[in-house]
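Below is the file start_29.cif, which contains mmCIF, C-alpha atoms and all ligand atoms.
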data_entry
loop_
_atom_site.group_PDB
_atom_site.id
_atom_site.type_symbol
_atom_site.label_atom_id
_atom_site.label_comp_id
_atom_site.auth_asym_id
_atom_site.auth_seq_id
_atom_site.Cartn_x
_atom_site.Cartn_y
_atom_site.Cartn_z
ATOM 1 C CA MET A 1 -24.795 13.650 17.227
ATOM 2 C CA SER A 2 -24.903 17.349 17.928
ATOM 3 C CA ASN A 3 -25.768 16.573 21.565
ATOM 4 C CA HIS A 4 -22.363 15.050 21.974
ATOM 5 C CA THR A 5 -20.104 17.664 20.482
ATOM 6 C CA SER A 6 -16.754 18.084 22.120
ATOM 7 C CA ASN A 7 -15.220 21.322 23.227
ATOM 8 C CA GLN A 8 -11.815 19.694 23.448
ATOM 9 C CA SER A 9 -9.103 21.519 21.593
ATOM 10 C CA VAL A 10 -5.996 20.079 20.004
ATOM 11 C CA VAL A 11 -3.961 22.981 21.350
ATOM 12 C CA THR A 12 -4.501 22.222 25.060
ATOM 13 C CA ALA A 13 -1.299 23.031 26.887
ATOM 14 C CA ASN A 14 -0.182 23.057 30.517
ATOM 15 C CA LYS A 15 1.627 25.916 32.288
ATOM 16 C CA GLN A 16 4.979 24.768 30.912
ATOM 17 C CA GLY A 17 3.695 24.979 27.358
ATOM 18 C CA ALA A 18 3.492 21.214 26.902
ATOM 19 C CA PHE A 19 0.676 19.658 24.859
ATOM 20 C CA VAL A 20 -1.835 17.704 26.955
ATOM 21 C CA ARG A 21 -4.140 15.312 25.114
ATOM 22 C CA PRO A 22 -7.736 15.292 26.431
ATOM 23 C CA SER A 23 -9.110 11.848 27.286
ATOM 24 C CA SER A 24 -11.870 10.230 25.232
ATOM 25 C CA SER A 25 -15.321 10.210 26.797
ATOM 26 C CA PHE A 26 -17.346 7.404 25.145
ATOM 27 C CA ARG A 27 -15.958 3.992 25.999
ATOM 28 C CA ASN A 28 -18.564 1.298 25.179
ATOM 29 C CA PHE A 29 -17.944 -2.015 23.419
ATOM 30 C CA ILE A 30 -19.961 -4.026 20.914
ATOM 31 C CA GLU A 31 -20.935 -7.450 22.223
ATOM 32 C CA LYS A 32 -23.636 -10.029 21.607
ATOM 33 C CA GLY A 33 -26.382 -9.870 24.241
ATOM 34 C CA GLU A 34 -25.206 -6.470 25.487
ATOM 35 C CA GLU A 35 -26.421 -2.886 24.938
ATOM 36 C CA PHE A 36 -24.556 -2.548 21.630
ATOM 37 C CA GLU A 37 -25.105 -5.758 19.645
ATOM 38 C CA PRO A 38 -23.131 -6.596 16.507
ATOM 39 C CA GLU A 39 -25.433 -5.803 13.572
ATOM 40 C CA ALA A 40 -24.771 -5.003 9.918
ATOM 41 C CA GLY A 41 -25.662 -1.425 8.969
ATOM 42 C CA ARG A 42 -26.273 -0.252 12.527
ATOM 43 C CA TYR A 43 -22.969 1.512 13.175
ATOM 44 C CA HIS A 44 -21.167 4.326 11.372
ATOM 45 C CA LEU A 45 -17.529 5.319 11.611
ATOM 46 C CA TYR A 46 -16.755 9.039 11.384
ATOM 47 C CA VAL A 47 -13.175 9.785 10.382
ATOM 48 C CA SER A 48 -10.732 12.229 8.917
ATOM 49 C CA VAL A 49 -8.286 10.457 6.622
ATOM 50 C CA ALA A 50 -5.575 12.882 7.725
ATOM 51 C CA CYS A 51 -5.875 11.779 11.356
ATOM 52 C CA PRO A 52 -3.564 9.004 12.570
ATOM 53 C CA TRP A 53 -6.032 7.910 15.281
ATOM 54 C CA ALA A 54 -8.905 7.587 12.804
ATOM 55 C CA HIS A 55 -6.558 5.874 10.343
ATOM 56 C CA ARG A 56 -6.071 3.029 12.837
ATOM 57 C CA ALA A 57 -9.805 2.321 12.702
ATOM 58 C CA LEU A 58 -9.914 2.500 8.889
ATOM 59 C CA ILE A 59 -7.150 -0.107 8.635
ATOM 60 C CA LEU A 60 -8.804 -2.537 11.066
ATOM 61 C CA ARG A 61 -12.161 -2.087 9.303
ATOM 62 C CA LYS A 62 -10.495 -3.119 6.044
ATOM 63 C CA LEU A 63 -8.375 -5.938 7.496
ATOM 64 C CA LYS A 64 -11.466 -7.523 9.067
ATOM 65 C CA GLY A 65 -13.657 -7.079 5.962
ATOM 66 C CA LEU A 66 -16.109 -4.801 7.751
ATOM 67 C CA GLU A 67 -16.677 -2.399 4.840
ATOM 68 C CA ASP A 68 -20.264 -3.585 4.256
ATOM 69 C CA ILE A 69 -21.072 -3.867 7.944
ATOM 70 C CA VAL A 70 -19.775 -0.532 9.264
ATOM 71 C CA CYS A 71 -20.055 2.421 6.848
ATOM 72 C CA GLN A 72 -17.650 5.315 7.122
ATOM 73 C CA SER A 73 -17.545 8.959 6.128
ATOM 74 C CA PRO A 74 -15.416 12.002 6.800
ATOM 75 C CA VAL A 75 -16.469 14.541 9.375
ATOM 76 C CA PHE A 76 -15.261 18.066 9.834
ATOM 77 C CA ARG A 77 -14.286 18.940 13.374
ATOM 78 C CA LYS A 78 -16.683 19.692 16.278
ATOM 79 C CA PHE A 79 -15.719 16.403 17.935
ATOM 80 C CA THR A 80 -12.606 14.269 17.895
ATOM 81 C CA VAL A 81 -12.260 11.498 15.348
ATOM 82 C CA PRO A 82 -12.607 8.572 15.124
ATOM 83 C CA VAL A 83 -16.183 8.288 16.373
ATOM 84 C CA LEU A 84 -18.166 5.059 16.247
ATOM 85 C CA TRP A 85 -21.826 6.086 16.053
ATOM 86 C CA ASP A 86 -24.885 3.929 16.736
ATOM 87 C CA LYS A 87 -27.603 4.911 14.246
ATOM 88 C CA LYS A 88 -30.247 2.910 16.128
ATOM 89 C CA LYS A 89 -29.749 4.471 19.558
ATOM 90 C CA GLU A 90 -28.418 7.732 18.145
ATOM 91 C CA THR A 91 -25.450 7.817 20.416
ATOM 92 C CA ILE A 92 -21.704 7.533 20.305
ATOM 93 C CA VAL A 93 -20.549 4.011 21.114
ATOM 94 C CA ASN A 94 -16.880 4.843 21.417
ATOM 95 C CA ASN A 95 -14.485 7.652 20.468
ATOM 96 C CA GLU A 96 -11.207 6.120 21.555
ATOM 97 C CA SER A 97 -9.251 4.677 18.646
ATOM 98 C CA SER A 98 -7.376 2.084 20.701
ATOM 99 C CA GLU A 99 -10.753 0.627 21.724
ATOM 100 C CA ILE A 100 -12.473 1.005 18.355
ATOM 101 C CA ILE A 101 -9.754 -1.178 16.810
ATOM 102 C CA ARG A 102 -10.405 -3.840 19.483
ATOM 103 C CA ILE A 103 -14.128 -3.625 18.711
ATOM 104 C CA PHE A 104 -13.394 -4.138 15.015
ATOM 105 C CA ASN A 105 -10.969 -6.945 15.821
ATOM 106 C CA SER A 106 -13.543 -9.123 17.571
ATOM 107 C CA GLY A 107 -16.899 -7.356 18.178
ATOM 108 C CA PHE A 108 -18.454 -8.370 14.844
ATOM 109 C CA ASN A 109 -17.005 -11.896 14.605
ATOM 110 C CA ASP A 110 -20.453 -13.495 15.042
ATOM 111 C CA ILE A 111 -21.717 -11.910 11.821
ATOM 112 C CA LEU A 112 -18.524 -12.186 9.751
ATOM 113 C CA PRO A 113 -17.591 -15.017 7.363
ATOM 114 C CA THR A 114 -15.427 -17.644 9.093
ATOM 115 C CA GLU A 115 -12.165 -16.628 7.455
ATOM 116 C CA LYS A 116 -12.568 -12.981 8.490
ATOM 117 C CA ALA A 117 -13.763 -13.886 11.992
ATOM 118 C CA ALA A 118 -10.631 -15.997 12.403
ATOM 119 C CA LEU A 119 -8.337 -13.021 11.854
ATOM 120 C CA ASN A 120 -7.055 -11.821 15.208
ATOM 121 C CA PHE A 121 -4.774 -8.832 15.505
ATOM 122 C CA TYR A 122 -4.697 -8.965 19.301
ATOM 123 C CA PRO A 123 -4.026 -12.676 19.978
ATOM 124 C CA LYS A 124 -4.086 -13.827 23.603
ATOM 125 C CA GLU A 125 -0.534 -15.141 23.634
ATOM 126 C CA LEU A 126 0.891 -11.814 22.431
ATOM 127 C CA GLN A 127 -1.323 -9.442 24.408
ATOM 128 C CA LYS A 128 1.184 -8.737 27.173
ATOM 129 C CA GLU A 129 3.950 -7.930 24.712
ATOM 130 C CA ILE A 130 1.613 -5.843 22.540
ATOM 131 C CA ASP A 131 0.325 -3.851 25.550
ATOM 132 C CA GLU A 132 3.842 -3.161 26.814
ATOM 133 C CA LEU A 133 5.015 -1.942 23.434
ATOM 134 C CA ASN A 134 1.855 0.098 22.823
ATOM 135 C CA GLU A 135 2.354 1.947 26.079
ATOM 136 C CA TRP A 136 5.734 3.508 25.342
ATOM 137 C CA VAL A 137 5.047 3.833 21.621
ATOM 138 C CA TYR A 138 1.882 5.793 22.456
ATOM 139 C CA GLU A 139 3.583 8.123 24.958
ATOM 140 C CA THR A 140 6.704 8.882 22.980
ATOM 141 C CA VAL A 141 5.843 8.254 19.323
ATOM 142 C CA ASN A 142 2.080 8.377 18.523
ATOM 143 C CA ASN A 143 1.494 11.203 20.969
ATOM 144 C CA GLY A 144 5.173 12.200 21.032
ATOM 145 C CA VAL A 145 4.970 13.783 17.585
ATOM 146 C CA TYR A 146 2.039 15.902 18.793
ATOM 147 C CA LYS A 147 3.864 16.883 21.988
ATOM 148 C CA THR A 148 6.787 17.948 19.790
ATOM 149 C CA GLY A 149 4.706 19.769 17.185
ATOM 150 C CA PHE A 150 2.344 21.508 19.603
ATOM 151 C CA ALA A 151 4.966 22.493 22.204
ATOM 152 C CA LYS A 152 4.676 26.172 23.051
ATOM 153 C CA THR A 153 8.075 26.544 24.694
ATOM 154 C CA GLN A 154 11.605 25.492 23.721
ATOM 155 C CA GLU A 155 11.799 23.370 26.855
ATOM 156 C CA ALA A 156 8.543 21.517 26.117
ATOM 157 C CA TYR A 157 9.703 20.940 22.532
ATOM 158 C CA GLU A 158 13.068 19.520 23.537
ATOM 159 C CA SER A 159 11.610 17.307 26.237
ATOM 160 C CA ALA A 160 9.300 15.728 23.636
ATOM 161 C CA ILE A 161 11.616 15.399 20.636
ATOM 162 C CA ARG A 162 14.371 13.552 22.519
ATOM 163 C CA PRO A 163 12.196 10.692 23.840
ATOM 164 C CA LEU A 164 10.570 10.509 20.396
ATOM 165 C CA PHE A 165 13.887 9.819 18.681
ATOM 166 C CA ASP A 166 15.071 7.534 21.510
ATOM 167 C CA SER A 167 11.981 5.438 20.865
ATOM 168 C CA LEU A 168 12.568 5.428 17.109
ATOM 169 C CA ASP A 169 16.116 4.159 17.847
ATOM 170 C CA ARG A 170 14.579 1.438 20.020
ATOM 171 C CA LEU A 171 12.039 0.487 17.331
ATOM 172 C CA GLU A 172 14.832 0.359 14.749
ATOM 173 C CA LYS A 173 16.557 -2.308 16.866
ATOM 174 C CA ILE A 174 13.337 -4.256 17.445
ATOM 175 C CA LEU A 175 12.693 -4.370 13.696
ATOM 176 C CA TYR A 176 16.160 -5.646 12.798
ATOM 177 C CA GLY A 177 15.548 -8.715 10.595
ATOM 178 C CA LYS A 178 11.849 -8.698 11.476
ATOM 179 C CA GLU A 179 8.758 -8.137 9.362
ATOM 180 C CA TYR A 180 6.436 -7.296 12.268
ATOM 181 C CA LEU A 181 6.839 -5.679 15.678
ATOM 182 C CA VAL A 182 5.483 -8.445 17.907
ATOM 183 C CA GLY A 183 5.754 -12.162 17.137
ATOM 184 C CA ASP A 184 5.949 -13.136 13.490
ATOM 185 C CA ARG A 185 2.574 -11.804 12.525
ATOM 186 C CA LEU A 186 0.690 -8.612 11.863
ATOM 187 C CA THR A 187 -0.823 -7.269 15.088
ATOM 188 C CA GLU A 188 -2.515 -4.088 16.272
ATOM 189 C CA ALA A 189 0.932 -2.900 17.410
ATOM 190 C CA ASP A 190 1.950 -2.606 13.736
ATOM 191 C CA VAL A 191 -1.278 -0.802 12.852
ATOM 192 C CA ARG A 192 -0.845 1.701 15.703
ATOM 193 C CA LEU A 193 2.744 2.480 14.789
ATOM 194 C CA TYR A 194 2.114 2.554 11.029
ATOM 195 C CA THR A 195 -0.314 5.472 11.155
ATOM 196 C CA THR A 196 2.323 7.651 12.820
ATOM 197 C CA ILE A 197 5.320 6.509 10.750
ATOM 198 C CA ILE A 198 3.537 6.909 7.398
ATOM 199 C CA ARG A 199 3.020 10.599 8.324
ATOM 200 C CA PHE A 200 6.541 11.095 9.601
ATOM 201 C CA ASP A 201 8.586 12.219 6.597
ATOM 202 C CA THR A 202 5.574 13.865 4.912
ATOM 203 C CA ALA A 203 4.179 15.852 7.850
ATOM 204 C CA TYR A 204 5.843 15.461 11.226
ATOM 205 C CA HIS A 205 9.431 16.004 10.077
ATOM 206 C CA GLY A 206 8.671 19.413 8.573
ATOM 207 C CA ILE A 207 5.478 20.796 10.081
ATOM 208 C CA PHE A 208 5.885 19.304 13.592
ATOM 209 C CA LYS A 209 9.688 19.920 13.661
ATOM 210 C CA CYS A 210 10.395 16.226 14.367
ATOM 211 C CA ASN A 211 13.553 16.670 12.376
ATOM 212 C CA LEU A 212 16.556 14.979 13.987
ATOM 213 C CA ARG A 213 16.302 12.382 11.213
ATOM 214 C CA THR A 214 13.840 11.223 8.549
ATOM 215 C CA ILE A 215 12.580 7.641 8.505
ATOM 216 C CA ARG A 216 13.869 7.008 4.976
ATOM 217 C CA ASP A 217 17.413 8.210 5.643
ATOM 218 C CA GLY A 218 17.829 7.483 9.340
ATOM 219 C CA TYR A 219 15.953 4.264 10.027
ATOM 220 C CA PRO A 220 16.438 1.512 7.411
ATOM 221 C CA ASN A 221 14.655 -1.211 9.390
ATOM 222 C CA ILE A 222 11.627 0.943 10.200
ATOM 223 C CA ASN A 223 11.570 2.119 6.588
ATOM 224 C CA LYS A 224 11.600 -1.468 5.303
ATOM 225 C CA TRP A 225 8.793 -2.441 7.696
ATOM 226 C CA LEU A 226 6.798 0.617 6.576
ATOM 227 C CA LYS A 227 7.242 -0.073 2.862
ATOM 228 C CA ASN A 228 6.284 -3.702 3.299
ATOM 229 C CA LEU A 229 3.000 -2.781 5.007
ATOM 230 C CA TYR A 230 2.190 -0.030 2.511
ATOM 231 C CA TRP A 231 3.036 -1.853 -0.711
ATOM 232 C CA ASN A 232 2.121 -5.411 0.215
ATOM 233 C CA ASN A 233 -1.103 -4.995 2.154
ATOM 234 C CA ASP A 234 -3.985 -3.080 0.591
ATOM 235 C CA ALA A 235 -5.565 -2.303 3.981
ATOM 236 C CA PHE A 236 -2.641 0.050 4.550
ATOM 237 C CA LYS A 237 -2.152 1.535 1.078
ATOM 238 C CA SER A 238 -5.837 2.075 0.245
ATOM 239 C CA THR A 239 -6.451 3.941 3.516
ATOM 240 C CA THR A 240 -3.401 6.218 3.158
ATOM 241 C CA ASP A 241 -4.024 9.552 1.417
ATOM 242 C CA PHE A 242 -0.789 11.547 1.289
ATOM 243 C CA ASP A 243 -2.290 14.672 -0.290
ATOM 244 C CA HIS A 244 -4.911 14.862 2.408
ATOM 245 C CA ILE A 245 -2.327 14.282 5.117
ATOM 246 C CA LYS A 246 0.025 16.983 3.824
ATOM 247 C CA THR A 247 -2.743 19.538 3.356
ATOM 248 C CA ASN A 248 -4.400 18.949 6.715
ATOM 249 C CA TYR A 249 -1.225 19.253 8.750
ATOM 250 C CA ALA A 250 -0.124 22.312 6.758
ATOM 251 C CA PHE A 251 -3.521 23.925 7.407
ATOM 252 C CA MET A 252 -2.979 23.867 11.183
ATOM 253 C CA ALA A 253 -2.736 27.630 11.414
ATOM 254 C CA HIS A 254 -1.474 27.707 14.993
ATOM 255 C CA ILE A 255 1.768 26.024 13.940
ATOM 256 C CA ASN A 256 1.913 26.933 10.230
ATOM 257 C CA PRO A 257 0.374 30.417 9.947
ATOM 258 C CA THR A 258 0.997 30.782 6.190
ATOM 259 C CA GLN A 259 -0.749 27.444 5.538
ATOM 260 C CA VAL A 260 1.649 26.870 2.672
ATOM 261 C CA VAL A 261 1.705 23.136 1.881
ATOM 262 C CA PRO A 262 5.196 21.620 1.523
ATOM 263 C CA LEU A 263 5.845 19.810 -1.771
ATOM 264 C CA GLY A 264 8.304 17.261 -0.504
ATOM 265 C CA PRO A 265 9.398 14.766 0.296
ATOM 266 C CA ILE A 266 9.310 13.222 -3.157
ATOM 267 C CA PRO A 267 8.236 10.472 -3.358
ATOM 268 C CA ASN A 268 5.864 10.350 -0.374
ATOM 269 C CA ILE A 269 7.019 6.796 0.257
ATOM 270 C CA GLU A 270 9.912 5.003 -1.415
ATOM 271 C CA PRO A 271 9.277 2.093 -3.777
ATOM 272 C CA LEU A 272 9.578 -1.359 -2.251
ATOM 273 C CA THR A 273 12.921 -2.105 -3.862
ATOM 274 C CA ALA A 274 14.711 1.199 -3.062
HETATM 275 N N1 LIG B 1 -7.720 9.644 21.985
HETATM 276 C C1 LIG B 1 -8.318 9.911 20.755
HETATM 277 C C2 LIG B 1 -7.638 11.077 20.045
HETATM 278 C C3 LIG B 1 -8.268 11.441 18.755
HETATM 279 C C4 LIG B 1 -7.840 12.829 18.254
HETATM 280 O O1 LIG B 1 -7.174 13.584 18.956
HETATM 281 N N2 LIG B 1 -8.201 13.164 17.006
HETATM 282 C C5 LIG B 1 -7.926 14.491 16.487
HETATM 283 C C6 LIG B 1 -7.658 14.502 15.017
HETATM 284 S S1 LIG B 1 -6.129 13.751 14.578
HETATM 285 C C7 LIG B 1 -9.157 15.339 16.728
HETATM 286 O O2 LIG B 1 -10.220 14.956 16.310
HETATM 287 N N3 LIG B 1 -8.976 16.447 17.440
HETATM 288 C C8 LIG B 1 -10.048 17.368 17.816
HETATM 289 C C9 LIG B 1 -10.160 18.575 16.995
HETATM 290 O O3 LIG B 1 -9.358 18.750 16.087
HETATM 291 O O4 LIG B 1 -11.090 19.358 17.259
HETATM 292 C C10 LIG B 1 -8.228 8.634 19.959
HETATM 293 O O5 LIG B 1 -7.150 8.020 19.892
HETATM 294 O O6 LIG B 1 -9.237 8.219 19.419
#
Kindly return the structure encoded in the file as structure tokens.
Amino acid sequence: MSNHTSNQSVVTANKQGAFVRPSSSFRNFIEKGEEFEPEAGRYHLYVSVACPWAHRALILRKLKGLEDIVCQSPVFRKFTVPVLWDKKKETIVNNESSEIIRIFNSGFNDILPTEKAALNFYPKELQKEIDELNEWVYETVNNGVYKTGFAKTQEAYESAIRPLFDSLDRLEKILYGKEYLVGDRLTEADVRLYTTIIRFDTAYHGIFKCNLRTIRDGYPNINKWLKNLYWNNDAFKSTTDFDHIKTNYAFMAHINPTQVVPLGPIPNIEPLTA
């Protein structure tokens, strides 16, 4: 995969000092009868467990029971993660997390047991609502924490942190009396938000200066939703590694030059009953 290394940098900024995320360059899908066929053992997922974008893919892989079909391993820089690699053609299939989770959601259904194939985290009847929510959640929350943390000017920082917290306020209302974001079932919208919120109090609040409020003290409905996913669904808990998350964010020398790793918050996530 050395032919496909990326020279993209996480610290890309525009003239105003605002973080600009580079776009992903490999955008293929896995489909029967097409170039990339669903096959067990053919594809490999490269991740970093600290990375919220890679974490999305790890959760979907687990939810769909793809552990024996798509292997995974950590990779250290050079290219962005997640990367879905085709061992047969020796090429990257896709390096865009929002598409890799769609591939995992349905691309391997033909070779999965019936009960796993039946699981659909992007159901037709909810797609419009999921897409609409994903759009603003991506801009202001998933990427919003990065825009806040990587801002190189006061102005860029403040114009990212405000929309971030406005969106958290909006999500808090959406989750009032609800277990999931869209419909009454777990969808990719929950997965995409989870990987940011689980890092919020432990990394983004301190290291990225996303500190108007914490999730645990400022957002009871989001906190309840978060705890439910973490404690009641192993696909979330088993793919979440708090030590790795804390260390990796603290090691970003451009924003934390001492690389001292914060101890708190304690606990990393509250117990279900708190
Ligand atoms: N759009 C990509 C973004 C992935 C991304 O930015 N990943 C980070 C890690 S959290 C990365 O690999 N950055 C490149 C680097 O650190 O060199 C996706 O969602 O898949």
Open item on the list: What's around stretch 237-243 of chain A at 8 Å? Count only C-alpha atoms, leave out sequence neighbours fewer than 6 positions away in its own chain, and write the answer as a count of residues only.
Closed with: 10
- [ ] Using the chain letters and numbering of this document, enumerate as a PyMOL selection string the residues selected by the PyMOL selection byres (((chain A and resi 181) around 12) and not hetatm).
- [x] chain A and resi 126+129-134+137+170-180+182-194+221-222+225-226+229
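Between atom CA of A:Phe108 and atom CA of A:Cys51 lies a distance of 24.0 Å.
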Task: Given the PyMOL selection byres (((chain A and resi 204) around 12) and not hetatm), the residues it picks as JSON, numbers by chain - done: {"A": [52, 141, 142, 143, 144, 145, 146, 147, 148, 149, 150, 161, 164, 195, 196, 197, 198, 199, 200, 201, 202, 203, 205, 206, 207, 208, 209, 210, 211, 212, 213, 214, 215, 245, 246, 248, 249, 250, 255, 262, 265]}
TODO: Identify which of the residues A:Asn109, A:Thr80, A:Asn233, A:Asn95 lies closest to A:Glu37, counting all atoms listed in the file when measuring atom-to-atom distances.
DONE: A:Asn109
Task: Option closest in space to ligand LIG 1 (chain B), from A:Tyr46, A:Phe236, A:Tyr157, A:Trp136 [counting all atoms listed in the file] - done: A:Tyr46
Student task, stretch 156-165 of chain A output with all heavy atoms as an mmCIF file, in the first residue's frame:
data_model
loop_
_atom_site.group_PDB
_atom_site.id
_atom_site.type_symbol
_atom_site.label_atom_id
_atom_site.label_comp_id
_atom_site.auth_asym_id
_atom_site.auth_seq_id
_atom_site.Cartn_x
_atom_site.Cartn_y
_atom_site.Cartn_z
ATOM 1 N N ALA A 156 -11.087 31.757 14.543
ATOM 2 C CA ALA A 156 -11.418 30.428 14.005
ATOM 3 C C ALA A 156 -11.923 29.521 15.130
ATOM 4 O O ALA A 156 -12.887 28.760 14.959
ATOM 5 C CB ALA A 156 -10.195 29.816 13.336
ATOM 6 N N TYR A 157 -11.287 29.626 16.289
ATOM 7 C CA TYR A 157 -11.702 28.812 17.446
ATOM 8 C C TYR A 157 -13.134 29.138 17.846
ATOM 9 O O TYR A 157 -13.985 28.252 17.991
ATOM 10 C CB TYR A 157 -10.734 29.065 18.609
ATOM 11 C CG TYR A 157 -11.202 28.530 19.952
ATOM 12 C CD1 TYR A 157 -11.247 27.167 20.199
ATOM 13 C CD2 TYR A 157 -11.614 29.405 20.965
ATOM 14 C CE1 TYR A 157 -11.686 26.676 21.428
ATOM 15 C CE2 TYR A 157 -12.043 28.921 22.189
ATOM 16 C CZ TYR A 157 -12.080 27.551 22.423
ATOM 17 O OH TYR A 157 -12.515 27.072 23.628
ATOM 18 N N GLU A 158 -13.413 30.433 17.995
ATOM 19 C CA GLU A 158 -14.754 30.813 18.459
ATOM 20 C C GLU A 158 -15.822 30.519 17.414
ATOM 21 O O GLU A 158 -16.960 30.203 17.759
ATOM 22 C CB GLU A 158 -14.770 32.289 18.876
ATOM 23 C CG GLU A 158 -14.015 32.465 20.193
ATOM 24 C CD GLU A 158 -14.070 33.864 20.760
ATOM 25 O OE1 GLU A 158 -15.014 34.613 20.431
ATOM 26 O OE2 GLU A 158 -13.155 34.213 21.548
ATOM 27 N N SER A 159 -15.464 30.606 16.135
ATOM 28 C CA SER A 159 -16.500 30.304 15.142
ATOM 29 C C SER A 159 -16.706 28.798 14.973
ATOM 30 O O SER A 159 -17.626 28.382 14.270
ATOM 31 C CB SER A 159 -16.280 31.026 13.812
ATOM 32 O OG SER A 159 -14.975 30.862 13.395
ATOM 33 N N ALA A 160 -15.911 27.979 15.601
ATOM 34 C CA ALA A 160 -16.161 26.525 15.591
ATOM 35 C C ALA A 160 -16.829 26.068 16.882
ATOM 36 O O ALA A 160 -17.731 25.226 16.874
ATOM 37 C CB ALA A 160 -14.851 25.785 15.383
ATOM 38 N N ILE A 161 -16.395 26.620 18.013
ATOM 39 C CA ILE A 161 -16.922 26.111 19.294
ATOM 40 C C ILE A 161 -18.399 26.473 19.475
ATOM 41 O O ILE A 161 -19.172 25.678 20.024
ATOM 42 C CB ILE A 161 -16.061 26.570 20.499
ATOM 43 C CG1 ILE A 161 -16.454 25.754 21.744
ATOM 44 C CG2 ILE A 161 -16.165 28.067 20.768
ATOM 45 C CD1 ILE A 161 -15.564 25.946 22.958
ATOM 46 N N ARG A 162 -18.812 27.628 18.979
ATOM 47 C CA ARG A 162 -20.227 28.010 19.190
ATOM 48 C C ARG A 162 -21.199 27.087 18.451
ATOM 49 O O ARG A 162 -22.112 26.536 19.073
ATOM 50 C CB ARG A 162 -20.439 29.485 18.862
ATOM 51 C CG ARG A 162 -19.665 30.373 19.832
ATOM 52 C CD ARG A 162 -20.165 31.791 19.952
ATOM 53 N NE ARG A 162 -19.274 32.566 20.802
ATOM 54 C CZ ARG A 162 -19.245 32.486 22.138
ATOM 55 N NH1 ARG A 162 -20.072 31.669 22.774
ATOM 56 N NH2 ARG A 162 -18.381 33.210 22.829
ATOM 57 N N PRO A 163 -20.995 26.887 17.128
ATOM 58 C CA PRO A 163 -21.879 25.918 16.441
ATOM 59 C C PRO A 163 -21.809 24.514 17.032
ATOM 60 O O PRO A 163 -22.803 23.789 17.041
ATOM 61 C CB PRO A 163 -21.379 25.913 15.000
ATOM 62 C CG PRO A 163 -20.518 27.103 14.847
ATOM 63 C CD PRO A 163 -20.078 27.563 16.206
ATOM 64 N N LEU A 164 -20.636 24.131 17.531
ATOM 65 C CA LEU A 164 -20.508 22.806 18.163
ATOM 66 C C LEU A 164 -21.487 22.687 19.340
ATOM 67 O O LEU A 164 -22.254 21.723 19.430
ATOM 68 C CB LEU A 164 -19.055 22.593 18.619
ATOM 69 C CG LEU A 164 -18.785 21.466 19.625
ATOM 70 C CD1 LEU A 164 -19.155 20.110 19.046
ATOM 71 C CD2 LEU A 164 -17.311 21.448 20.033
ATOM 72 N N PHE A 165 -21.459 23.673 20.223
ATOM 73 C CA PHE A 165 -22.335 23.586 21.400
ATOM 74 C C PHE A 165 -23.802 23.839 21.052
ATOM 75 O O PHE A 165 -24.694 23.261 21.683
ATOM 76 C CB PHE A 165 -21.798 24.462 22.544
ATOM 77 C CG PHE A 165 -20.716 23.735 23.303
ATOM 78 C CD1 PHE A 165 -19.395 23.768 22.870
ATOM 79 C CD2 PHE A 165 -21.020 22.939 24.403
ATOM 80 C CE1 PHE A 165 -18.395 23.050 23.533
ATOM 81 C CE2 PHE A 165 -20.038 22.218 25.074
ATOM 82 C CZ PHE A 165 -18.715 22.278 24.635
#
